[in-house]
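These notes are about the structure you will find just below.
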Amino acid sequence: VQLQASGGGLVQAGGSLRLSCAASGSMFSNYAMGWFRQAPGTEREFVASINWSGTTTYYEDSVKGRFTISRSNTEKMVYLQMNNLKPEDTAVYYCAADHVGWGVTRASKSRSDYDYWGQGTQVTVSS
């Protein structure tokens, strides 16, 4: 599967952005999806994940209540709605796909479980 992330940009603190990730290839519903981010000089870190059906989601503690991950299997899309953005959210955001197989409910927080990665989209939050 190939992934294309978009929707990043420059926003003031307290603002919102919606990231999108378009997947190509077949059997999108066999993949759990995740969003990760990487700020300069830091490791790539988990942000949010969603299982194949959208019924299970996980979030990194600092984004809980502000970010929402969702997906559309018919459109082969995954989204990250980011509200009340803070300067510490500034990073390159990556979407990733974890091939779990049909019906498996895993939505991993571990970077090593993800098989495919998009190119990243820059999010900059000014104070």
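Ordered as shown in the structure tokens, chains take letters A, B, and onward, while each chain numbers its residues from 1 and ligands are numbered from 1 in the order shown.
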
Could you pull out all residues of chain A with a DSSP call of strand (DSSP E or B) and give them as a PDB file with N, CA and C atoms, in the first residue's frame?
ATOM      1  N   GLN A   2       0.457   2.255  -0.733  1.00  0.00           N
ATOM      2  CA  GLN A   2       1.154   3.533  -0.735  1.00  0.00           C
ATOM      3  C   GLN A   2       0.300   4.567  -0.024  1.00  0.00           C
ATOM      4  N   LEU A   3       0.954   5.453   0.716  1.00  0.00           N
ATOM      5  CA  LEU A   3       0.254   6.427   1.540  1.00  0.00           C
ATOM      6  C   LEU A   3       0.691   7.831   1.174  1.00  0.00           C
ATOM      7  N   GLN A   4      -0.271   8.731   1.114  1.00  0.00           N
ATOM      8  CA  GLN A   4      -0.001  10.128   0.778  1.00  0.00           C
ATOM      9  C   GLN A   4      -0.679  11.005   1.817  1.00  0.00           C
ATOM     10  N   ALA A   5       0.126  11.661   2.647  1.00  0.00           N
ATOM     11  CA  ALA A   5      -0.412  12.547   3.678  1.00  0.00           C
ATOM     12  C   ALA A   5      -0.495  13.974   3.174  1.00  0.00           C
ATOM     13  N   SER A   6      -1.495  14.689   3.666  1.00  0.00           N
ATOM     14  CA  SER A   6      -1.680  16.089   3.291  1.00  0.00           C
ATOM     15  C   SER A   6      -2.425  16.811   4.405  1.00  0.00           C
ATOM     16  N   GLY A   9       0.231  22.573   7.714  1.00  0.00           N
ATOM     17  CA  GLY A   9       0.341  23.994   7.459  1.00  0.00           C
ATOM     18  C   GLY A   9       0.760  24.745   8.698  1.00  0.00           C
ATOM     19  N   LEU A  10       0.658  26.071   8.585  1.00  0.00           N
ATOM     20  CA  LEU A  10       0.994  26.961   9.692  1.00  0.00           C
ATOM     21  C   LEU A  10      -0.297  27.453  10.331  1.00  0.00           C
ATOM     22  N   VAL A  11      -0.390  27.325  11.646  1.00  0.00           N
ATOM     23  CA  VAL A  11      -1.602  27.736  12.347  1.00  0.00           C
ATOM     24  C   VAL A  11      -1.200  28.347  13.689  1.00  0.00           C
ATOM     25  N   GLN A  12      -2.019  29.261  14.170  1.00  0.00           N
ATOM     26  CA  GLN A  12      -1.757  29.848  15.480  1.00  0.00           C
ATOM     27  C   GLN A  12      -2.193  28.898  16.593  1.00  0.00           C
ATOM     28  N   LEU A  17      -6.395  21.989  12.534  1.00  0.00           N
ATOM     29  CA  LEU A  17      -6.019  21.467  11.230  1.00  0.00           C
ATOM     30  C   LEU A  17      -6.592  20.063  11.103  1.00  0.00           C
ATOM     31  N   ARG A  18      -6.851  19.661   9.884  1.00  0.00           N
ATOM     32  CA  ARG A  18      -7.278  18.290   9.614  1.00  0.00           C
ATOM     33  C   ARG A  18      -6.298  17.664   8.644  1.00  0.00           C
ATOM     34  N   LEU A  19      -5.589  16.652   9.090  1.00  0.00           N
ATOM     35  CA  LEU A  19      -4.690  15.919   8.227  1.00  0.00           C
ATOM     36  C   LEU A  19      -5.436  14.786   7.548  1.00  0.00           C
ATOM     37  N   SER A  20      -5.067  14.526   6.311  1.00  0.00           N
ATOM     38  CA  SER A  20      -5.648  13.427   5.549  1.00  0.00           C
ATOM     39  C   SER A  20      -4.543  12.508   5.062  1.00  0.00           C
ATOM     40  N   CYS A  21      -4.867  11.253   4.927  1.00  0.00           N
ATOM     41  CA  CYS A  21      -3.928  10.276   4.398  1.00  0.00           C
ATOM     42  C   CYS A  21      -4.679   9.385   3.421  1.00  0.00           C
ATOM     43  N   ALA A  22      -4.275   9.454   2.167  1.00  0.00           N
ATOM     44  CA  ALA A  22      -4.899   8.664   1.124  1.00  0.00           C
ATOM     45  C   ALA A  22      -4.078   7.412   0.871  1.00  0.00           C
ATOM     46  N   ALA A  23      -4.744   6.275   0.838  1.00  0.00           N
ATOM     47  CA  ALA A  23      -4.076   5.003   0.598  1.00  0.00           C
ATOM     48  C   ALA A  23      -4.418   4.476  -0.780  1.00  0.00           C
ATOM     49  N   SER A  24      -3.434   3.911  -1.425  1.00  0.00           N
ATOM     50  CA  SER A  24      -3.683   3.245  -2.702  1.00  0.00           C
ATOM     51  C   SER A  24      -3.424   1.764  -2.524  1.00  0.00           C
ATOM     52  N   TYR A  31      -5.784  -3.247   7.120  1.00  0.00           N
ATOM     53  CA  TYR A  31      -4.731  -2.466   7.763  1.00  0.00           C
ATOM     54  C   TYR A  31      -5.277  -1.655   8.926  1.00  0.00           C
ATOM     55  N   ALA A  32      -4.567  -1.724  10.050  1.00  0.00           N
ATOM     56  CA  ALA A  32      -4.731  -0.701  11.067  1.00  0.00           C
ATOM     57  C   ALA A  32      -3.906   0.498  10.621  1.00  0.00           C
ATOM     58  N   MET A  33      -4.314   1.671  11.050  1.00  0.00           N
ATOM     59  CA  MET A  33      -3.647   2.898  10.612  1.00  0.00           C
ATOM     60  C   MET A  33      -3.202   3.705  11.820  1.00  0.00           C
ATOM     61  N   GLY A  34      -2.111   4.413  11.631  1.00  0.00           N
ATOM     62  CA  GLY A  34      -1.599   5.236  12.713  1.00  0.00           C
ATOM     63  C   GLY A  34      -1.065   6.560  12.208  1.00  0.00           C
ATOM     64  N   TRP A  35      -1.018   7.509  13.125  1.00  0.00           N
ATOM     65  CA  TRP A  35      -0.348   8.783  12.884  1.00  0.00           C
ATOM     66  C   TRP A  35       0.806   8.892  13.890  1.00  0.00           C
ATOM     67  N   PHE A  36       1.946   9.299  13.388  1.00  0.00           N
ATOM     68  CA  PHE A  36       3.124   9.544  14.199  1.00  0.00           C
ATOM     69  C   PHE A  36       3.636  10.937  13.869  1.00  0.00           C
ATOM     70  N   ARG A  37       4.493  11.468  14.716  1.00  0.00           N
ATOM     71  CA  ARG A  37       5.076  12.781  14.444  1.00  0.00           C
ATOM     72  C   ARG A  37       6.525  12.812  14.889  1.00  0.00           C
ATOM     73  N   GLN A  38       7.262  13.702  14.249  1.00  0.00           N
ATOM     74  CA  GLN A  38       8.679  13.832  14.563  1.00  0.00           C
ATOM     75  C   GLN A  38       9.069  15.293  14.517  1.00  0.00           C
ATOM     76  N   GLU A  45       7.400   9.768  17.201  1.00  0.00           N
ATOM     77  CA  GLU A  45       6.568   9.312  18.299  1.00  0.00           C
ATOM     78  C   GLU A  45       5.132   9.067  17.866  1.00  0.00           C
ATOM     79  N   PHE A  46       4.501   8.160  18.619  1.00  0.00           N
ATOM     80  CA  PHE A  46       3.105   7.811  18.370  1.00  0.00           C
ATOM     81  C   PHE A  46       2.186   8.977  18.700  1.00  0.00           C
ATOM     82  N   VAL A  47       1.156   9.163  17.859  1.00  0.00           N
ATOM     83  CA  VAL A  47       0.142  10.171  18.111  1.00  0.00           C
ATOM     84  C   VAL A  47      -1.230   9.521  18.293  1.00  0.00           C
ATOM     85  N   ALA A  48      -1.631   8.707  17.329  1.00  0.00           N
ATOM     86  CA  ALA A  48      -2.958   8.097  17.381  1.00  0.00           C
ATOM     87  C   ALA A  48      -2.994   6.884  16.463  1.00  0.00           C
ATOM     88  N   SER A  49      -3.889   5.949  16.779  1.00  0.00           N
ATOM     89  CA  SER A  49      -4.055   4.781  15.917  1.00  0.00           C
ATOM     90  C   SER A  49      -5.512   4.359  15.908  1.00  0.00           C
ATOM     91  N   ILE A  50      -5.881   3.599  14.871  1.00  0.00           N
ATOM     92  CA  ILE A  50      -7.259   3.167  14.690  1.00  0.00           C
ATOM     93  C   ILE A  50      -7.250   1.778  14.079  1.00  0.00           C
ATOM     94  N   THR A  57      -9.693   3.038  18.995  1.00  0.00           N
ATOM     95  CA  THR A  57      -8.717   4.103  18.778  1.00  0.00           C
ATOM     96  C   THR A  57      -7.868   4.282  20.031  1.00  0.00           C
ATOM     97  N   TYR A  58      -6.646   4.725  19.815  1.00  0.00           N
ATOM     98  CA  TYR A  58      -5.729   5.033  20.915  1.00  0.00           C
ATOM     99  C   TYR A  58      -5.068   6.373  20.632  1.00  0.00           C
ATOM    100  N   TYR A  59      -4.720   7.068  21.706  1.00  0.00           N
ATOM    101  CA  TYR A  59      -4.094   8.379  21.583  1.00  0.00           C
ATOM    102  C   TYR A  59      -2.930   8.508  22.563  1.00  0.00           C
ATOM    103  N   PHE A  67      -7.242  15.717  19.718  1.00  0.00           N
ATOM    104  CA  PHE A  67      -7.106  15.092  18.398  1.00  0.00           C
ATOM    105  C   PHE A  67      -8.106  13.952  18.265  1.00  0.00           C
ATOM    106  N   THR A  68      -8.577  13.739  17.028  1.00  0.00           N
ATOM    107  CA  THR A  68      -9.468  12.617  16.746  1.00  0.00           C
ATOM    108  C   THR A  68      -9.032  11.942  15.459  1.00  0.00           C
ATOM    109  N   ILE A  69      -8.814  10.644  15.539  1.00  0.00           N
ATOM    110  CA  ILE A  69      -8.478   9.862  14.350  1.00  0.00           C
ATOM    111  C   ILE A  69      -9.739   9.177  13.842  1.00  0.00           C
ATOM    112  N   SER A  70      -9.869   9.116  12.520  1.00  0.00           N
ATOM    113  CA  SER A  70     -11.011   8.439  11.920  1.00  0.00           C
ATOM    114  C   SER A  70     -10.582   7.869  10.574  1.00  0.00           C
ATOM    115  N   ARG A  71     -11.432   7.037  10.006  1.00  0.00           N
ATOM    116  CA  ARG A  71     -11.098   6.441   8.715  1.00  0.00           C
ATOM    117  C   ARG A  71     -12.358   6.159   7.911  1.00  0.00           C
ATOM    118  N   SER A  72     -12.164   6.074   6.591  1.00  0.00           N
ATOM    119  CA  SER A  72     -13.210   5.643   5.684  1.00  0.00           C
ATOM    120  C   SER A  72     -12.635   4.534   4.834  1.00  0.00           C
ATOM    121  N   MET A  77      -9.254   6.284   3.154  1.00  0.00           N
ATOM    122  CA  MET A  77      -8.721   7.494   3.761  1.00  0.00           C
ATOM    123  C   MET A  77      -8.640   7.331   5.281  1.00  0.00           C
ATOM    124  N   VAL A  78      -7.653   7.995   5.872  1.00  0.00           N
ATOM    125  CA  VAL A  78      -7.601   8.128   7.318  1.00  0.00           C
ATOM    126  C   VAL A  78      -7.349   9.603   7.626  1.00  0.00           C
ATOM    127  N   TYR A  79      -7.952  10.082   8.700  1.00  0.00           N
ATOM    128  CA  TYR A  79      -7.915  11.493   9.027  1.00  0.00           C
ATOM    129  C   TYR A  79      -7.405  11.696  10.455  1.00  0.00           C
ATOM    130  N   LEU A  80      -6.847  12.869  10.681  1.00  0.00           N
ATOM    131  CA  LEU A  80      -6.497  13.278  12.034  1.00  0.00           C
ATOM    132  C   LEU A  80      -6.981  14.705  12.206  1.00  0.00           C
ATOM    133  N   GLN A  81      -8.066  14.860  12.944  1.00  0.00           N
ATOM    134  CA  GLN A  81      -8.589  16.187  13.263  1.00  0.00           C
ATOM    135  C   GLN A  81      -7.850  16.677  14.498  1.00  0.00           C
ATOM    136  N   MET A  82      -7.214  17.827  14.371  1.00  0.00           N
ATOM    137  CA  MET A  82      -6.410  18.380  15.454  1.00  0.00           C
ATOM    138  C   MET A  82      -6.989  19.726  15.872  1.00  0.00           C
ATOM    139  N   ALA A  91       5.596  19.613  14.305  1.00  0.00           N
ATOM    140  CA  ALA A  91       6.343  18.424  13.896  1.00  0.00           C
ATOM    141  C   ALA A  91       5.972  18.074  12.461  1.00  0.00           C
ATOM    142  N   VAL A  92       6.704  17.136  11.906  1.00  0.00           N
ATOM    143  CA  VAL A  92       6.269  16.481  10.677  1.00  0.00           C
ATOM    144  C   VAL A  92       5.409  15.296  11.079  1.00  0.00           C
ATOM    145  N   TYR A  93       4.218  15.227  10.501  1.00  0.00           N
ATOM    146  CA  TYR A  93       3.264  14.170  10.831  1.00  0.00           C
ATOM    147  C   TYR A  93       3.259  13.127   9.720  1.00  0.00           C
ATOM    148  N   TYR A  94       3.329  11.861  10.134  1.00  0.00           N
ATOM    149  CA  TYR A  94       3.370  10.743   9.205  1.00  0.00           C
ATOM    150  C   TYR A  94       2.178   9.816   9.441  1.00  0.00           C
ATOM    151  N   CYS A  95       1.554   9.380   8.346  1.00  0.00           N
ATOM    152  CA  CYS A  95       0.586   8.306   8.490  1.00  0.00           C
ATOM    153  C   CYS A  95       1.277   6.985   8.170  1.00  0.00           C
ATOM    154  N   ALA A  96       0.774   5.925   8.759  1.00  0.00           N
ATOM    155  CA  ALA A  96       1.401   4.620   8.615  1.00  0.00           C
ATOM    156  C   ALA A  96       0.346   3.526   8.612  1.00  0.00           C
ATOM    157  N   ALA A  97       0.670   2.419   7.951  1.00  0.00           N
ATOM    158  CA  ALA A  97      -0.251   1.293   7.821  1.00  0.00           C
ATOM    159  C   ALA A  97       0.375   0.029   8.379  1.00  0.00           C
ATOM    160  N   ASP A  98      -0.403  -0.681   9.169  1.00  0.00           N
ATOM    161  CA  ASP A  98       0.017  -1.936   9.804  1.00  0.00           C
ATOM    162  C   ASP A  98      -0.864  -3.053   9.249  1.00  0.00           C
ATOM    163  N   HIS A  99      -0.267  -3.962   8.495  1.00  0.00           N
ATOM    164  CA  HIS A  99      -1.051  -5.056   7.913  1.00  0.00           C
ATOM    165  C   HIS A  99      -1.404  -6.064   8.997  1.00  0.00           C
ATOM    166  N   TYR A 116       4.145   0.295   6.344  1.00  0.00           N
ATOM    167  CA  TYR A 116       4.179   1.295   5.273  1.00  0.00           C
ATOM    168  C   TYR A 116       4.018   2.685   5.875  1.00  0.00           C
ATOM    169  N   TRP A 117       4.732   3.634   5.251  1.00  0.00           N
ATOM    170  CA  TRP A 117       4.743   5.001   5.761  1.00  0.00           C
ATOM    171  C   TRP A 117       4.519   5.978   4.621  1.00  0.00           C
ATOM    172  N   THR A 121       3.796  15.313   6.491  1.00  0.00           N
ATOM    173  CA  THR A 121       3.282  16.650   6.227  1.00  0.00           C
ATOM    174  C   THR A 121       3.625  17.527   7.430  1.00  0.00           C
ATOM    175  N   GLN A 122       4.111  18.740   7.146  1.00  0.00           N
ATOM    176  CA  GLN A 122       4.610  19.617   8.209  1.00  0.00           C
ATOM    177  C   GLN A 122       3.457  20.356   8.877  1.00  0.00           C
ATOM    178  N   VAL A 123       3.432  20.312  10.203  1.00  0.00           N
ATOM    179  CA  VAL A 123       2.497  21.104  11.001  1.00  0.00           C
ATOM    180  C   VAL A 123       3.323  22.047  11.868  1.00  0.00           C
ATOM    181  N   THR A 124       3.042  23.334  11.739  1.00  0.00           N
ATOM    182  CA  THR A 124       3.742  24.345  12.531  1.00  0.00           C
ATOM    183  C   THR A 124       2.711  25.168  13.289  1.00  0.00           C
ATOM    184  N   VAL A 125       2.857  25.219  14.606  1.00  0.00           N
ATOM    185  CA  VAL A 125       1.927  25.965  15.448  1.00  0.00           C
ATOM    186  C   VAL A 125       2.691  27.117  16.083  1.00  0.00           C
ATOM    187  N   SER A 126       2.259  28.333  15.790  1.00  0.00           N
ATOM    188  CA  SER A 126       2.926  29.517  16.331  1.00  0.00           C
ATOM    189  C   SER A 126       2.254  29.959  17.622  1.00  0.00           C
TER     190      SER A 126
END

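Counting only C-alpha atoms, the residue from A:Val1, A:Ala39, A:Val100, A:Met27 that sits nearest to A:Glu88 is A:Ala39.
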
Long-range neighbours of A:Asn73 as a ChimeraX atom specification, 8 Å cut-off, only C-alpha atoms, 6 positions minimum in chain: /A:28-29,53

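Interatomic distance, atom CA of A:Lys86 to atom CA of A:Ser110: 23.8 Å.
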
So that I can check the surroundings of A:Arg66, please list as a tab-separated table (two decimals) with all heavy atoms, in the first residue's frame every protein, DNA and RNA residue that reaches within 8 Å of it, counting only C-alpha atoms and ignoring chain neighbours fewer than 4 positions away.
chain	number	residue	atom	x	y	z
A	82	MET	N	-7.21	17.83	14.37
A	82	MET	CA	-6.41	18.38	15.45
A	82	MET	C	-6.99	19.73	15.87
A	82	MET	O	-7.00	20.67	15.07
A	82	MET	CB	-4.95	18.54	15.01
A	82	MET	CG	-4.34	17.26	14.46
A	82	MET	SD	-2.59	17.41	14.10
A	82	MET	CE	-2.62	18.61	12.78
A	83	ASN	N	-7.47	19.80	17.08
A	83	ASN	CA	-8.05	21.02	17.63
A	83	ASN	C	-7.20	21.55	18.78
A	83	ASN	O	-6.42	20.81	19.37
A	83	ASN	CB	-9.48	20.75	18.12
A	83	ASN	CG	-10.40	20.31	17.01
A	83	ASN	OD1	-10.27	20.71	15.85
A	83	ASN	ND2	-11.38	19.48	17.35
A	84	ASN	N	-7.41	22.82	19.09
A	84	ASN	CA	-6.68	23.44	20.20
A	84	ASN	C	-5.18	23.14	20.11
A	84	ASN	O	-4.55	22.70	21.08
A	84	ASN	CB	-7.23	22.95	21.54
A	84	ASN	CG	-6.71	23.75	22.71
A	84	ASN	OD1	-6.25	24.88	22.55
A	84	ASN	ND2	-6.75	23.16	23.90
A	85	LEU	N	-4.64	23.41	18.95
A	85	LEU	CA	-3.23	23.10	18.72
A	85	LEU	C	-2.32	23.95	19.59
A	85	LEU	O	-2.62	25.11	19.90
A	85	LEU	CB	-2.89	23.30	17.24
A	85	LEU	CG	-3.36	22.15	16.34
A	85	LEU	CD1	-3.46	22.59	14.88
A	85	LEU	CD2	-2.42	20.96	16.46

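Pairwise distance (atom CA of A:Gly41, atom CA of A:Gln119) equals 17.9 Å.
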
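Checking A:Gly65, A:Gly54, A:Pro87, A:Gly120 one by one against A:Asn30, counting only C-alpha atoms, you find the shortest gap at A:Gly54.
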